[in-house]
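Everything on this sheet refers to the single structure shown next.
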Amino acid sequence: MPTRSRRYIRPAQCGVLLTVALLALAGVVQAQSIVPSGAQRATRPELVVRVGELEHMTAPEQLSGAARSRAVAELVAIRLRLEQGDFRVGDRFVITLRQDGVLSDTASVRDSLNVTITGLPDISLRGVLRSELDERLSAHVAKFLKNASVRSSALTRIAILGAVRSPGYYYVPPDRPISDVLMLAGGPAATANLNEVEISRAGATFLRAKDSRRAVKDGRTIEQLDVQSGDEVRIATVRKIEWRLIVQSLLFLSSMFFAVIQFLQWYYNRLDG
């Protein structure tokens, strides 16, 4: 009598299935809210510590329901960040190279996540965090230049939309106050309502008007607000009362009202006759 062969799931397969499940769960949570992934300039040890905390929090006996889903989503986001790094195609940063003088240059991340620095051979930023950028660049430059020091400043690419004079995408230093961002787009338009500024990511708003007013008042920067490349800053338009439209609507409704009254009078007069 033939016997059925049993299939066993290998440990590696278990890991793949678990990762897929975590990513699916994270996607559901991310569709509802912004998933945190640590401070923009967090170091690798700091992120590893946070991963340990989240692994403990996501144990079955610790959290449940929506709280556990949020913790799992953050855990997946930080793990991806540790693996893939912070830099994506199109990112830019300013490099200051010191060697018998000062040379500044703006580098762009290409489709292979490679960057060219002042004519030197390319360097890959795959898996590099923002906090590791200076160290990686310095080590690369030291291979070709002696007694050279490197400092860098990553730029945040954001869309400034709505009631501004020149809407579009702009590269902003992360230490720039949110109140200064509007000036990059030519300043607010005449119809701008500066009390209603919203910041969104992937269609989800994470800084609403009432919070933005406080952020502007406190002088908070792009980085402090965790604004990331690809986010949208939208300035609302002042809501004006269209009196002309209101008057026209009232006249139309009043004429319709009197027309109905006249019709009813004619109808009942006809019945009486």
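In the structure tokens, chains take the letters A, B, ... in the order shown, each chain's residues start at 1, and ligands count up from 1 in the order shown.
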Non-local contacts of Met57 in chain A (8 Å; only C-alpha atoms; under 3 positions in same chain excluded) as a tab-separated table (two decimals) with C-alpha atoms, in the first residue's frame:
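Written file, out.tsv:
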```
chain	number	residue	atom	x	y	z
A	53	GLU	CA	12.42	46.40	22.47
A	54	LEU	CA	9.89	45.80	19.70
A	62	GLN	CA	2.78	41.44	25.77
A	63	LEU	CA	0.51	43.27	23.35
A	68	ARG	CA	0.59	44.84	18.56
A	71	ALA	CA	4.58	47.50	17.01
```
DSSP strand (DSSP E) residues within range 165-197 of chain A, listed as a VMD selection string: chain A and resid 168 to 172 192 to 197
DSSP alpha helix (DSSP H) selection over range 215-251 of chain A, as a PyMOL selection string: chain A and resi 215-218+243-251
Which residues come within 8 Å of range 125-138 of chain A, counting only C-alpha atoms, excluding same-chain residues fewer than 6 positions away, as a PDB file with C-alpha atoms, in the first residue's frame?
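The new file selection-v2.pdb reads:
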```
ATOM      1  CA  GLN A  40      16.281  60.213  10.803  1.00  0.00           C
ATOM      2  CA  ARG A  41      19.831  60.381  12.153  1.00  0.00           C
ATOM      3  CA  ALA A  42      19.531  57.462  14.550  1.00  0.00           C
ATOM      4  CA  THR A  43      22.667  55.340  14.777  1.00  0.00           C
ATOM      5  CA  ARG A  44      22.720  51.643  13.975  1.00  0.00           C
ATOM      6  CA  ARG A  81      15.947  50.368   7.204  1.00  0.00           C
ATOM      7  CA  LEU A  82      18.855  48.515   8.812  1.00  0.00           C
ATOM      8  CA  GLU A  83      19.112  46.271   5.767  1.00  0.00           C
ATOM      9  CA  GLN A  84      18.530  48.730   2.928  1.00  0.00           C
ATOM     10  CA  GLY A  85      19.790  51.979   4.479  1.00  0.00           C
ATOM     11  CA  ASP A  86      18.278  55.460   4.266  1.00  0.00           C
ATOM     12  CA  PHE A  87      19.199  56.562   0.744  1.00  0.00           C
ATOM     13  CA  LEU A 113      22.585  53.803  -5.347  1.00  0.00           C
ATOM     14  CA  ASN A 114      26.060  54.938  -6.373  1.00  0.00           C
ATOM     15  CA  VAL A 115      27.400  58.452  -5.866  1.00  0.00           C
ATOM     16  CA  ALA A 148      41.366  65.049   3.651  1.00  0.00           C
ATOM     17  CA  SER A 149      38.277  65.426   5.788  1.00  0.00           C
ATOM     18  CA  VAL A 150      34.677  65.124   4.627  1.00  0.00           C
ATOM     19  CA  ARG A 151      31.447  66.539   6.014  1.00  0.00           C
ATOM     20  CA  SER A 152      28.043  65.973   4.488  1.00  0.00           C
ATOM     21  CA  ALA A 154      21.676  65.215   3.430  1.00  0.00           C
TER      22      ALA A 154
END
```
Atomic distance CA of Gly52 in chain A - CA of Phe206 in chain A, expressed in Å with one decimal: 26.1 Å
For range 174-190 of chain A: contacts at 7 Å, only C-alpha atoms, fewer than 5 positions along chain excluded, given as a PDB file with C-alpha atoms, in the first residue's frame:
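As a result, selection-v7.pdb now contains:
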```
ATOM      1  CA  LEU A 155      18.862  67.135   1.754  1.00  0.00           C
ATOM      2  CA  THR A 156      15.169  66.271   2.053  1.00  0.00           C
ATOM      3  CA  ILE A 160       5.466  72.277  -1.629  1.00  0.00           C
ATOM      4  CA  ALA A 163      -1.290  78.385  -2.236  1.00  0.00           C
ATOM      5  CA  VAL A 164       2.359  79.195  -3.016  1.00  0.00           C
ATOM      6  CA  ARG A 165       3.802  81.186  -5.912  1.00  0.00           C
ATOM      7  CA  SER A 166       5.953  78.383  -7.381  1.00  0.00           C
ATOM      8  CA  PRO A 167       4.643  74.948  -6.342  1.00  0.00           C
ATOM      9  CA  VAL A 216       5.599  77.066  13.117  1.00  0.00           C
ATOM     10  CA  GLY A 219      10.293  77.007  15.156  1.00  0.00           C
ATOM     11  CA  ARG A 220      10.492  73.259  14.665  1.00  0.00           C
ATOM     12  CA  THR A 221      12.692  71.987  11.843  1.00  0.00           C
ATOM     13  CA  ILE A 222      12.059  69.530   9.021  1.00  0.00           C
ATOM     14  CA  GLU A 223      13.953  66.808  10.856  1.00  0.00           C
TER      15      GLU A 223
END
```
Top pick for closest residue to Glu74 in chain A, considering A:Pro36, A:Gly90, A:Pro45, A:Gly101 and counting only C-alpha atoms: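 Selected residue with least distance to Glu74 in chain A: A:Pro36.
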Between CA of Val35 in chain A and CA of Ala77 in chain A - distance in Å to one decimal: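 Answer for the CA of Ala77 in chain A to CA of Val35 in chain A separation: 7.3 Å.
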